[in-house]
>>> print(open('coords26.csv').read())   # CSV, C-alpha atoms
chain,number,residue,atom,x,y,z
A,27,GLY,CA,-0.9,-13.8,17.7
A,28,GLN,CA,-2.3,-10.3,17.9
A,29,ILE,CA,-1.0,-7.0,19.3
A,30,PRO,CA,-1.8,-7.2,23.1
A,31,PRO,CA,-4.7,-5.0,24.1
A,32,ASP,CA,-2.6,-3.1,26.7
A,33,LEU,CA,0.0,-2.2,24.0
A,34,LEU,CA,-2.7,-1.0,21.6
A,35,GLN,CA,-4.1,1.1,24.5
A,36,LYS,CA,-0.7,2.5,25.2
A,37,LEU,CA,0.0,3.4,21.6
A,38,ASP,CA,-3.4,5.0,21.2
A,39,ALA,CA,-2.9,7.1,24.4
A,40,GLU,CA,0.5,8.3,23.1
A,41,SER,CA,-0.9,9.1,19.7
A,42,GLN,CA,-3.8,11.1,21.3
A,43,GLN,CA,-1.3,13.0,23.5
A,44,ILE,CA,0.8,14.0,20.5
A,45,GLN,CA,-2.3,15.2,18.6
A,46,LYS,CA,-3.3,17.3,21.6
A,47,GLU,CA,0.1,18.8,21.9
A,48,ARG,CA,0.2,19.6,18.2
A,49,ALA,CA,-3.3,21.2,18.3
A,50,ALA,CA,-2.2,23.3,21.3
A,51,SER,CA,0.9,24.5,19.5
A,52,GLY,CA,-0.9,25.4,16.4
A,53,LEU,CA,1.7,23.6,14.3
A,54,PRO,CA,0.5,21.7,11.2
A,55,ASP,CA,0.7,17.9,11.1
A,56,PRO,CA,3.7,16.7,8.9
A,57,LEU,CA,2.0,13.2,8.8
A,58,TRP,CA,5.2,11.1,9.5
A,59,ASP,CA,4.7,11.1,13.3
A,60,ARG,CA,1.6,9.0,13.3
A,61,PHE,CA,1.7,5.6,15.0
A,62,CYS,CA,1.0,2.5,12.9
A,63,ASP,CA,-1.7,1.3,15.3
A,64,ASP,CA,-5.2,0.0,14.7
A,65,GLY,CA,-6.7,3.5,15.4
A,66,ASP,CA,-6.2,6.1,12.7
A,67,GLY,CA,-3.0,4.4,11.7
A,68,CYS,CA,-0.3,5.6,9.3
A,69,MET,CA,-1.5,4.1,6.0
A,70,ALA,CA,-4.5,4.3,3.6
A,71,GLY,CA,-6.0,1.1,4.9
A,72,TYR,CA,-6.4,-0.5,8.3
A,73,PRO,CA,-3.4,-2.7,9.2
A,74,TRP,CA,-3.6,-6.4,9.5
A,75,ILE,CA,-3.0,-7.4,13.1
A,76,GLU,CA,-2.4,-11.1,13.2
A,77,ARG,CA,1.3,-11.4,14.0
A,78,THR,CA,3.8,-14.1,15.0
A,79,SER,CA,7.4,-14.0,16.1
A,80,VAL,CA,8.0,-17.4,14.5
A,81,ALA,CA,8.9,-17.4,10.8
A,82,PRO,CA,5.9,-18.9,8.8
A,83,GLU,CA,6.6,-21.9,6.7
A,84,GLY,CA,8.9,-21.1,3.8
A,85,MET,CA,10.1,-17.7,5.2
A,86,LEU,CA,13.5,-17.0,6.6
A,87,SER,CA,13.9,-16.3,10.3
A,88,GLN,CA,15.1,-12.7,9.8
A,89,TRP,CA,12.3,-10.5,11.2
A,90,GLN,CA,11.3,-9.6,14.8
A,91,GLU,CA,7.7,-10.2,13.8
A,92,TYR,CA,5.7,-11.4,10.9
A,93,VAL,CA,2.3,-10.1,9.8
A,94,ILE,CA,-0.1,-12.7,8.5
A,95,VAL,CA,-2.5,-11.8,5.7
A,96,ARG,CA,-4.8,-14.7,4.7
A,97,TYR,CA,-6.5,-15.1,1.4
A,98,LYS,CA,-8.7,-17.7,-0.3
A,99,PHE,CA,-9.9,-18.1,-3.9
A,100,ASP,CA,-13.5,-17.5,-4.8
A,101,ALA,CA,-15.4,-20.0,-7.1
A,102,GLY,CA,-14.5,-19.7,-10.7
A,103,VAL,CA,-10.9,-18.7,-10.5
A,104,ASP,CA,-8.9,-20.7,-13.1
A,105,ASP,CA,-5.7,-22.5,-12.4
A,106,THR,CA,-3.6,-20.1,-14.5
A,107,ARG,CA,-4.7,-17.1,-12.4
A,108,LYS,CA,-4.2,-19.1,-9.3
A,109,GLU,CA,-0.6,-20.0,-10.2
A,110,ALA,CA,0.3,-16.4,-11.0
A,111,PHE,CA,-1.3,-15.1,-7.8
A,112,ARG,CA,0.4,-17.7,-5.7
A,113,ALA,CA,3.7,-16.5,-7.2
A,114,ALA,CA,2.8,-12.9,-6.4
A,115,ALA,CA,2.0,-13.8,-2.8
A,116,ALA,CA,5.4,-15.6,-2.6
A,117,ASP,CA,7.2,-12.4,-3.6
A,118,TRP,CA,5.7,-10.7,-0.6
A,119,ARG,CA,6.9,-13.5,1.7
A,120,THR,CA,10.4,-13.5,0.1
A,121,HIS,CA,11.0,-9.8,0.3
A,122,THR,CA,9.1,-8.5,3.3
A,123,CYS,CA,7.9,-9.6,6.7
A,124,VAL,CA,4.3,-9.9,5.4
A,125,ALA,CA,3.2,-13.5,5.1
A,126,VAL,CA,0.5,-13.5,2.4
A,127,VAL,CA,-0.8,-17.1,2.8
A,128,GLU,CA,-3.5,-19.1,1.1
A,129,ASP,CA,-6.0,-20.5,3.6
A,130,ALA,CA,-9.1,-22.1,2.3
A,131,ASN,CA,-10.5,-22.2,5.8
A,132,ALA,CA,-9.5,-18.6,6.8
A,133,ALA,CA,-11.6,-17.0,9.5
A,134,GLU,CA,-12.6,-13.3,9.1
A,135,PRO,CA,-11.0,-11.0,8.2
A,136,TYR,CA,-9.3,-12.2,5.0
A,137,ILE,CA,-9.0,-11.4,1.3
A,138,MET,CA,-11.3,-13.1,-1.2
A,139,VAL,CA,-9.5,-13.4,-4.5
A,140,GLY,CA,-11.9,-13.7,-7.5
A,141,ILE,CA,-12.9,-12.6,-10.9
A,142,TYR,CA,-15.5,-9.8,-10.5
A,143,ASP,CA,-14.8,-7.6,-13.5
A,144,THR,CA,-12.8,-8.9,-16.5
A,145,GLY,CA,-12.1,-5.3,-17.7
A,146,SER,CA,-10.1,-4.3,-14.6
A,147,CYS,CA,-7.7,-5.5,-11.9
A,148,TRP,CA,-8.2,-4.0,-8.4
A,149,ALA,CA,-8.3,-4.6,-4.7
A,150,TYR,CA,-10.0,-3.0,-1.7
A,151,MET,CA,-7.6,-1.2,0.6
A,152,GLY,CA,-6.4,-2.8,3.9
A,153,ARG,CA,-8.0,-5.1,6.4
A,154,PRO,CA,-11.8,-5.1,6.7
A,155,TRP,CA,-13.3,-4.5,10.1
A,156,SER,CA,-15.2,-7.7,9.5
A,157,GLY,CA,-15.9,-10.2,6.8
A,158,TYR,CA,-13.5,-10.0,3.8
A,159,HIS,CA,-12.2,-7.6,1.2
A,160,GLN,CA,-12.3,-8.6,-2.5
A,161,LEU,CA,-9.4,-8.6,-4.8
A,162,ASN,CA,-10.4,-8.8,-8.5
A,163,LEU,CA,-8.0,-10.5,-10.9
A,164,GLY,CA,-10.0,-9.6,-14.0
A,165,TRP,CA,-7.5,-8.9,-16.8
A,166,CYS,CA,-4.7,-10.1,-14.4
A,167,ASN,CA,-5.1,-13.5,-15.9
A,168,SER,CA,-1.6,-15.1,-16.3
A,169,MET,CA,2.0,-15.0,-15.1
A,170,SER,CA,2.7,-12.1,-17.4
A,171,HIS,CA,0.6,-10.0,-15.0
A,172,LYS,CA,2.3,-11.2,-11.8
A,173,GLY,CA,3.7,-7.7,-11.2
A,174,SER,CA,0.2,-6.2,-11.3
A,175,MET,CA,-0.9,-8.9,-8.8
A,176,VAL,CA,1.9,-8.0,-6.5
A,177,HIS,CA,0.7,-4.4,-6.7
A,178,GLU,CA,-2.9,-5.3,-5.9
A,179,ILE,CA,-1.8,-7.4,-3.0
A,180,GLY,CA,-0.1,-4.2,-1.8
A,181,HIS,CA,-3.4,-2.5,-1.8
A,182,GLY,CA,-5.0,-5.4,0.0
A,183,ILE,CA,-2.3,-5.0,2.7
A,184,GLY,CA,-3.3,-1.3,3.0
A,185,ILE,CA,-0.7,0.5,0.9
A,186,ASN,CA,-1.8,3.4,-1.4
A,187,HIS,CA,-0.1,4.4,-4.7
A,188,GLU,CA,3.3,6.0,-4.0
A,189,GLN,CA,2.6,8.9,-6.3
A,190,LYS,CA,-0.4,9.9,-4.0
A,191,ARG,CA,1.9,10.7,-1.1
A,192,PRO,CA,1.4,14.3,0.2
A,193,ASP,CA,4.9,15.1,-1.1
A,194,GLY,CA,4.4,13.5,-4.5
A,195,SER,CA,3.1,16.2,-6.7
A,196,GLN,CA,3.4,19.1,-4.3
A,197,ALA,CA,5.7,20.4,-1.5
A,198,HIS,CA,4.8,19.1,2.0
A,199,HIS,CA,6.6,20.4,5.1
A,200,GLY,CA,9.9,20.8,3.3
A,201,LYS,CA,9.7,17.6,1.4
A,202,GLY,CA,9.0,17.2,-2.3
A,203,PRO,CA,7.6,17.7,-4.8
A,204,HIS,CA,9.0,14.6,-6.5
A,205,LEU,CA,6.8,14.8,-9.6
A,206,GLU,CA,6.3,17.7,-12.0
A,207,MET,CA,2.8,17.1,-13.1
A,208,PHE,CA,1.2,17.9,-16.4
A,209,TRP,CA,-2.4,17.7,-15.3
A,210,GLN,CA,-3.9,18.4,-18.7
A,211,ASN,CA,-2.4,15.1,-19.9
A,212,THR,CA,-3.8,12.9,-17.1
A,213,GLU,CA,-7.5,13.2,-18.1
A,214,SER,CA,-9.4,10.5,-16.2
A,215,TRP,CA,-6.3,9.4,-14.4
A,216,ALA,CA,-5.9,12.6,-12.5
A,217,SER,CA,-7.3,11.2,-9.3
A,218,GLN,CA,-4.5,8.6,-9.2
A,219,TYR,CA,-2.0,11.4,-8.7
A,220,THR,CA,-3.8,13.9,-6.4
A,221,PRO,CA,-2.2,13.9,-2.9
A,222,ASP,CA,-3.9,11.8,-0.2
A,223,SER,CA,-3.0,12.6,3.4
A,224,TRP,CA,-3.5,9.0,4.4
A,225,THR,CA,-0.8,7.7,2.0
A,226,TYR,CA,2.2,6.5,4.0
A,227,VAL,CA,5.1,9.1,4.3
A,228,GLY,CA,6.7,7.7,7.4
A,229,SER,CA,5.6,7.0,11.0
A,230,ALA,CA,6.4,7.4,14.7
A,231,ASN,CA,8.4,5.1,16.9
A,232,ASP,CA,6.2,2.1,17.4
A,233,GLY,CA,8.6,0.5,19.9
A,234,GLY,CA,10.9,-2.4,19.9
A,235,ASN,CA,13.4,-2.3,17.0
A,236,ASP,CA,11.1,-0.3,14.7
A,237,PRO,CA,13.1,-0.1,11.4
A,238,GLN,CA,11.2,3.1,10.2
A,239,ILE,CA,11.0,6.1,12.4
A,240,GLY,CA,10.1,9.5,11.0
A,241,TYR,CA,10.0,10.6,7.3
A,242,ALA,CA,10.3,7.8,4.7
A,243,PRO,CA,12.1,8.8,1.5
A,244,TYR,CA,10.0,8.9,-1.7
A,245,ASP,CA,10.4,5.6,-3.6
A,246,PHE,CA,10.3,5.9,-7.4
A,247,GLU,CA,11.0,2.2,-7.7
A,248,SER,CA,8.2,1.1,-5.4
A,249,ILE,CA,5.9,-1.6,-6.9
A,250,MET,CA,3.1,0.8,-5.8
A,251,HIS,CA,4.3,3.6,-8.1
A,252,TYR,CA,2.8,4.1,-11.5
A,253,TYR,CA,5.1,3.9,-14.6
A,254,ARG,CA,5.5,7.1,-16.6
A,255,GLN,CA,2.2,7.2,-18.3
A,256,ARG,CA,1.7,8.9,-21.6
A,257,SER,CA,-1.3,10.2,-23.6
A,258,SER,CA,-1.3,10.4,-27.4
A,259,ASN,CA,-3.9,13.1,-27.3
A,260,HIS,CA,-1.6,15.8,-25.9
A,261,ALA,CA,1.5,17.5,-27.2
A,262,VAL,CA,2.6,19.2,-23.9
A,263,ASN,CA,5.6,17.3,-22.4
A,264,ASP,CA,5.2,14.9,-25.3
A,265,GLY,CA,2.0,13.6,-23.7
A,266,TYR,CA,3.8,12.3,-20.5
A,267,TYR,CA,1.8,12.7,-17.3
A,268,PHE,CA,4.8,13.7,-15.2
A,269,ASN,CA,8.5,14.3,-15.1
A,270,THR,CA,10.4,13.1,-12.1
A,271,ILE,CA,12.3,15.3,-9.7
A,272,PRO,CA,15.2,14.7,-10.1
A,273,SER,CA,15.1,13.9,-13.8
A,274,SER,CA,17.6,11.1,-13.2
A,275,ALA,CA,14.8,9.0,-11.6
A,276,GLN,CA,12.7,8.9,-14.8
A,277,ASN,CA,14.3,5.6,-15.9
>>> encode(input="coords26.csv", output="structure tokens")
Amino acid sequence: GQIPPDLLQKLDAESQQIQKERAASGLPDPLWDRFCDDGDGCMAGYPWIERTSVAPEGMLSQWQEYVIVRYKFDAGVDDTRKEAFRAAAADWRTHTCVAVVEDANAAEPYIMVGIYDTGSCWAYMGRPWSGYHQLNLGWCNSMSHKGSMVHEIGHGIGINHEQKRPDGSQAHHGKGPHLEMFWQNTESWASQYTPDSWTYVGSANDGGNDPQIGYAPYDFESIMHYYRQRSSNHAVNDGYYFNTIPSSAQN
């Protein structure tokens, strides 16, 4: 099922009212009081809105609702990649309420999994308004890259890189910074660390038994966080792109 139109309208009205009150007060937006609706939302990509209260096949009956994200394989995807991707999708079903399911007959919108560039591995962000979004397996070509596939599915769901949170590399409304950046070391990777206001930092009360209300703590162990990258071309900080704050989180 989908979110009832009257509930979407109610959430949108509440979100607009909060924005009006904030604008009138002159207070800046801390970003963790946004509703996770199908309007502006609370993430980098549009949310998937097919939902069910019944646990999909193979998932435990432990969530109030399950979000269904359907995918299909494009022509030319080999069996080795398919096996690894199916295992990555299973990880999402095991550990979250997001049912990433293979559906060769999926109606729009869905994720098309294919090989579009063998020199990279990427995914478009979130649910497309219509049609499908591509997820490129490229060099993600075996079970040894399952973790990267889990990461790319995260983008397909609509999640940005954790380190691009507004409180990642800078202070934001009393939160952060969580990374001490050495920008001169990042070179072409700098854009993957610059703050993005649409990266999830928390959300408003979306009703029911919403498990996340308000600010969401920074997660160094998120599958969406980059490892501690290093450049051999720089001596500053021994070439590492960042140090964690606190330093105990570096490992």
>>> residues_around(input="coords26.csv", residues="Phe208 (chain A)", least_positions_apart="5", cutoff="10 Å", atoms="only C-alpha atoms", output="PyMOL selection string")
chain A and resi 216+262-263+265-269
>>> closest_residue(input="coords26.csv", among="A:Ile249, A:Cys68, A:Ala230, A:Ile141", to="Lys108 (chain A)", atoms="all atoms listed in the file")
A:Ile141
>>> closest_residue(input="coords26.csv", among="A:Ser217, A:Glu206, A:Gly140, A:Thr225", to="Gln276 (chain A)", atoms="all atoms listed in the file")
A:Glu206
>>> closest_residue(input="coords26.csv", among="A:Pro243, A:Val93, A:Ala275, A:Lys172", to="Ser229 (chain A)", atoms="only C-alpha atoms")
A:Pro243
>>> closest_residue(input="coords26.csv", among="A:Ser87, A:Gln238, A:Thr120, A:Gln160", to="Met138 (chain A)", atoms="all atoms listed in the file")
A:Gln160
>>> atom_distance(input="coords26.csv", atom1="CA of His177 (chain A)", atom2="CA of Gly157 (chain A)")
22.2 Å
>>> residues_around(input="coords26.csv", residues="Tyr252 (chain A)", least_positions_apart="3", cutoff="9 Å", atoms="all atoms listed in the file", output="list of chain:residue names")
A:His187, A:Glu188, A:Gln189, A:Gln218, A:Phe246, A:Ser248, A:Ile249, A:Gln255
>>> atom_distance(input="coords26.csv", atom1="CA of Glu91 (chain A)", atom2="CA of Thr78 (chain A)")
5.6 Å
>>> closest_residue(input="coords26.csv", among="A:Ser168, A:Asn211, A:Thr106, A:Asn131", to="Ala261 (chain A)", atoms="only C-alpha atoms")
A:Asn211
>>> atom_distance(input="coords26.csv", atom1="CA of Gly173 (chain A)", atom2="CA of Ala110 (chain A)")
9.3 Å
>>> closest_residue(input="coords26.csv", among="A:Ile239, A:Ala70, A:Ala133, A:Val127", to="Pro82 (chain A)", atoms="all atoms listed in the file")
A:Val127
>>> residues_near_point(input="coords26.csv", point="(10.2, -11.2, 16.6)", cutoff="12 Å", atoms="all atoms listed in the file", output="list of chain:residue names")
A:Gly27, A:Arg77, A:Thr78, A:Ser79, A:Val80, A:Ala81, A:Pro82, A:Ser87, A:Gln88, A:Trp89, A:Gln90, A:Glu91, A:Tyr92, A:Val93, A:Cys123, A:Gly234, A:Asn235, A:Asp236
>>> residues_around(input="coords26.csv", residues="Tyr150 (chain A)", least_positions_apart="6", cutoff="7 Å", atoms="only C-alpha atoms", output="JSON, numbers by chain")
{"A": [159, 160, 161, 181, 182]}
>>> residues_near_point(input="coords26.csv", point="(-8.5, -19.8, -3.7)", cutoff="8 Å", atoms="all atoms listed in the file", output="compact mmCIF listing (two decimals) with C-alpha atoms, in the frame of the given file")
# COMPACT_ATOMS: atom_id res chain seq x y z
CA TYR A 97 -6.50 -15.10 1.40
CA LYS A 98 -8.70 -17.70 -0.30
CA PHE A 99 -9.90 -18.10 -3.90
CA ASP A 100 -13.50 -17.50 -4.80
CA ALA A 101 -15.40 -20.00 -7.10
CA VAL A 103 -10.90 -18.70 -10.50
CA LYS A 108 -4.20 -19.10 -9.30
CA GLU A 128 -3.50 -19.10 1.10
CA ASP A 129 -6.00 -20.50 3.60
CA ALA A 130 -9.10 -22.10 2.30
CA MET A 138 -11.30 -13.10 -1.20
CA VAL A 139 -9.50 -13.40 -4.50
CA GLY A 140 -11.90 -13.70 -7.50
>>> residues_around(input="coords26.csv", residues="Gln196 (chain A)", least_positions_apart="6", cutoff="10 Å", atoms="all atoms listed in the file", output="ChimeraX atom specification")
/A:190,202-207,220-221
>>> residues_around(input="coords26.csv", residues="region 145-147 of chain A", least_positions_apart="2", cutoff="10 Å", atoms="only C-alpha atoms", output="number ranges by chain")
A: 141-143, 149, 161-167, 171, 174-175, 177-178
>>> decode(input="coords26.csv", residues="region 117-146 of chain A", atoms="N, CA, C and O atoms", output="CSV table (one decimal), in the first residue's frame")
chain,number,residue,atom,x,y,z
A,117,ASP,N,20.7,-8.1,2.9
A,117,ASP,CA,21.2,-7.4,4.1
A,117,ASP,C,20.3,-6.3,4.5
A,117,ASP,O,20.0,-6.1,5.7
A,118,TRP,N,19.8,-5.6,3.5
A,118,TRP,CA,18.8,-4.5,3.8
A,118,TRP,C,17.5,-5.1,4.4
A,118,TRP,O,17.0,-4.5,5.4
A,119,ARG,N,17.1,-6.2,3.9
A,119,ARG,CA,15.9,-6.8,4.4
A,119,ARG,C,16.1,-7.4,5.8
A,119,ARG,O,15.2,-7.4,6.7
A,120,THR,N,17.3,-7.9,6.1
A,120,THR,CA,17.6,-8.5,7.4
A,120,THR,C,17.7,-7.4,8.5
A,120,THR,O,17.2,-7.6,9.6
A,121,HIS,N,18.3,-6.3,8.2
A,121,HIS,CA,18.7,-5.3,9.2
A,121,HIS,C,17.8,-4.1,9.3
A,121,HIS,O,18.0,-3.3,10.2
A,122,THR,N,16.9,-3.9,8.3
A,122,THR,CA,16.1,-2.7,8.3
A,122,THR,C,14.6,-3.1,8.0
A,122,THR,O,14.3,-4.2,7.7
A,123,CYS,N,13.8,-2.1,7.9
A,123,CYS,CA,12.4,-2.3,7.5
A,123,CYS,C,12.2,-2.0,6.0
A,123,CYS,O,11.1,-2.0,5.5
A,124,VAL,N,13.3,-1.9,5.3
A,124,VAL,CA,13.3,-1.7,3.9
A,124,VAL,C,13.4,-3.0,3.1
A,124,VAL,O,14.4,-3.7,3.2
A,125,ALA,N,12.4,-3.4,2.4
A,125,ALA,CA,12.4,-4.6,1.7
A,125,ALA,C,12.8,-4.3,0.2
A,125,ALA,O,12.0,-3.9,-0.6
A,126,VAL,N,14.1,-4.6,0.0
A,126,VAL,CA,14.6,-4.4,-1.4
A,126,VAL,C,14.4,-5.7,-2.1
A,126,VAL,O,15.1,-6.7,-1.8
A,127,VAL,N,13.5,-5.8,-3.0
A,127,VAL,CA,13.1,-7.0,-3.6
A,127,VAL,C,13.2,-7.0,-5.1
A,127,VAL,O,13.0,-6.0,-5.8
A,128,GLU,N,13.6,-8.2,-5.6
A,128,GLU,CA,13.8,-8.4,-7.0
A,128,GLU,C,12.4,-8.6,-7.6
A,128,GLU,O,11.6,-9.5,-7.1
A,129,ASP,N,12.1,-7.9,-8.7
A,129,ASP,CA,10.8,-8.1,-9.4
A,129,ASP,C,11.0,-7.8,-10.8
A,129,ASP,O,11.0,-6.7,-11.3
A,130,ALA,N,11.1,-8.9,-11.6
A,130,ALA,CA,11.3,-8.8,-13.1
A,130,ALA,C,10.1,-8.0,-13.7
A,130,ALA,O,10.3,-7.5,-14.9
A,131,ASN,N,9.0,-8.0,-13.1
A,131,ASN,CA,7.8,-7.4,-13.7
A,131,ASN,C,7.4,-6.1,-13.0
A,131,ASN,O,6.3,-5.6,-13.0
A,132,ALA,N,8.4,-5.5,-12.3
A,132,ALA,CA,8.1,-4.3,-11.5
A,132,ALA,C,7.6,-3.2,-12.3
A,132,ALA,O,8.1,-2.9,-13.4
A,133,ALA,N,6.5,-2.5,-11.8
A,133,ALA,CA,6.0,-1.4,-12.5
A,133,ALA,C,6.7,-0.1,-12.0
A,133,ALA,O,7.4,-0.2,-11.0
A,134,GLU,N,6.7,0.9,-12.7
A,134,GLU,CA,7.4,2.2,-12.3
A,134,GLU,C,6.8,2.7,-11.0
A,134,GLU,O,5.6,2.6,-10.8
A,135,PRO,N,7.6,3.2,-10.2
A,135,PRO,CA,9.1,3.4,-10.3
A,135,PRO,C,9.8,2.2,-9.7
A,135,PRO,O,9.3,1.5,-8.8
A,136,TYR,N,11.0,2.0,-10.2
A,136,TYR,CA,11.9,0.9,-9.7
A,136,TYR,C,13.3,1.2,-10.0
A,136,TYR,O,13.6,2.3,-10.6
A,137,ILE,N,14.2,0.4,-9.5
A,137,ILE,CA,15.6,0.5,-9.8
A,137,ILE,C,16.1,-0.5,-10.8
A,137,ILE,O,15.8,-1.7,-10.7
A,138,MET,N,16.7,0.0,-11.9
A,138,MET,CA,17.3,-0.9,-12.9
A,138,MET,C,18.8,-1.1,-12.6
A,138,MET,O,19.5,-0.2,-12.6
A,139,VAL,N,19.1,-2.4,-12.3
A,139,VAL,CA,20.5,-2.7,-12.0
A,139,VAL,C,21.2,-3.3,-13.2
A,139,VAL,O,20.7,-4.2,-13.8
A,140,GLY,N,22.3,-2.6,-13.6
A,140,GLY,CA,23.0,-3.0,-14.8
A,140,GLY,C,24.4,-2.7,-14.8
A,140,GLY,O,25.0,-2.3,-13.7
A,141,ILE,N,25.1,-2.9,-15.9
A,141,ILE,CA,26.5,-2.5,-16.1
A,141,ILE,C,26.6,-1.4,-17.1
A,141,ILE,O,26.4,-1.7,-18.3
A,142,TYR,N,26.8,-0.2,-16.6
A,142,TYR,CA,26.8,1.0,-17.5
A,142,TYR,C,28.1,1.6,-17.6
A,142,TYR,O,28.4,2.4,-18.5
A,143,ASP,N,29.0,1.3,-16.7
A,143,ASP,CA,30.4,1.9,-16.7
A,143,ASP,C,31.2,1.0,-15.9
A,143,ASP,O,31.1,0.9,-14.6
A,144,THR,N,32.1,0.2,-16.5
A,144,THR,CA,32.9,-0.8,-15.8
A,144,THR,C,34.0,-0.2,-14.9
A,144,THR,O,34.6,-0.8,-14.0
A,145,GLY,N,34.2,1.1,-15.0
A,145,GLY,CA,35.3,1.8,-14.2
A,145,GLY,C,34.7,2.5,-13.0
A,145,GLY,O,35.5,3.2,-12.3
A,146,SER,N,33.5,2.2,-12.7
A,146,SER,CA,32.9,2.9,-11.5
A,146,SER,C,31.8,2.0,-10.9
A,146,SER,O,31.4,1.0,-11.5
